[in-house]
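Novice: Okay, here's the structure, questions in a sec.
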Amino acid sequence: QRGKEVMAPAVQHPVLPFPTTTSPSSAGTAAMAASSDLLDVDPPELQFPFELDKQISCPLKMINKTDRTVAFKVKTTSPKKYCVRPNNGVVRPRSTCEVVVTMQAQTVAPPDLQCKDKFLVQSVVVADGLSAKDITPQMFMKQEGNVVEEVRMRVTYVMPPESPSEIAEESDGPQRILAPMQRIVNNGRSASELSSGSVSLRSAELGTVSLLNVSYVVFLLLV
């Protein structure tokens, strides 16, 4: 169909170890999450601190706010660019499931860090005893009598936070500039003092030579 975005199932494959990160939102602040009648998805927007040649991960929380078991499936407009682990699953009543979305290493930065990628989280009520391995694509087809909820999310790139070493280098910048200047001043002062000392010494030497010459003339006259 023309004019419609194609959401392909997100790929699930092994990714680099992802450190546990606490999301700024939680189940207690679900109002900040993207919501459907079945699930709250937190955060409502996928934010990646963009860096070239580096895999970057973003955690997502699937929060089941109902008393029913809910199955979910994650799709994206760029399935080759992202992998999701897990890309589908089951969330028990009033519980939470965490998903990790990983963007593969990028070799070129987009203009102005703008991104048009989108994600879609589909959810549907399933039997209480169902497990993730029992999920099938047919469960998320909008057939008659099959209610599928959807949450759409966009992707944004943000500047990565500065490391402590970079901050220290910036704060030490004036000292790094002033220190060589101070050394130049000190060296100039030492050279000036040395030059003055040389002139004084030279003057003393000349005075001594003149005194010797006078003494020699007086000796000749007496003889």
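The chains in the structure tokens are called A, B, ... from first to last as shown; in each chain the residues are counted from 1, and the ligands are counted from 1 in the order shown.
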Hey, what's within 7 Å of Val91 (chain A) if we count only C-alpha atoms and toss same-chain stuff fewer than 6 positions away? As a ChimeraX atom specification, please?
Specialist: /A:64,69-71,97
Novice: What are the closest atom pairs, with distances in Å to one decimal, for all residues of region 79-110 of chain A lying within 12 Å of region 143-167 of chain A? Consider only C-alpha atoms, order rows by chain and residue number, and present the result as a Markdown table.
Specialist:
| residue | atom | partner | partner_atom | distance |
| --- | --- | --- | --- | --- |
| A:Tyr82 | CA | A:Val155 | CA | 11.1 |
| A:Val101 | CA | A:Val155 | CA | 10.9 |
| A:Thr102 | CA | A:Val155 | CA | 11.8 |
| A:Met103 | CA | A:Val155 | CA | 10.5 |
| A:Ala109 | CA | A:Tyr157 | CA | 10.0 |
| A:Pro110 | CA | A:Tyr157 | CA | 9.4 |
Novice: In Å to one decimal, how far is CA of Phe140 (chain A) from CA of Lys80 (chain A)?
Specialist: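 According to the coordinates, CA of Lys80 (chain A) and CA of Phe140 (chain A) are separated by 21.5 Å.
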Novice: Between A:Phe50, A:Val108, A:Phe119, A:Asp134, which residue has the minimum interatomic distance to Ala34 (chain A), considering only C-alpha atoms?
Specialist: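 Ranked by minimum distance to Ala34 (chain A), first place goes to A:Phe119.
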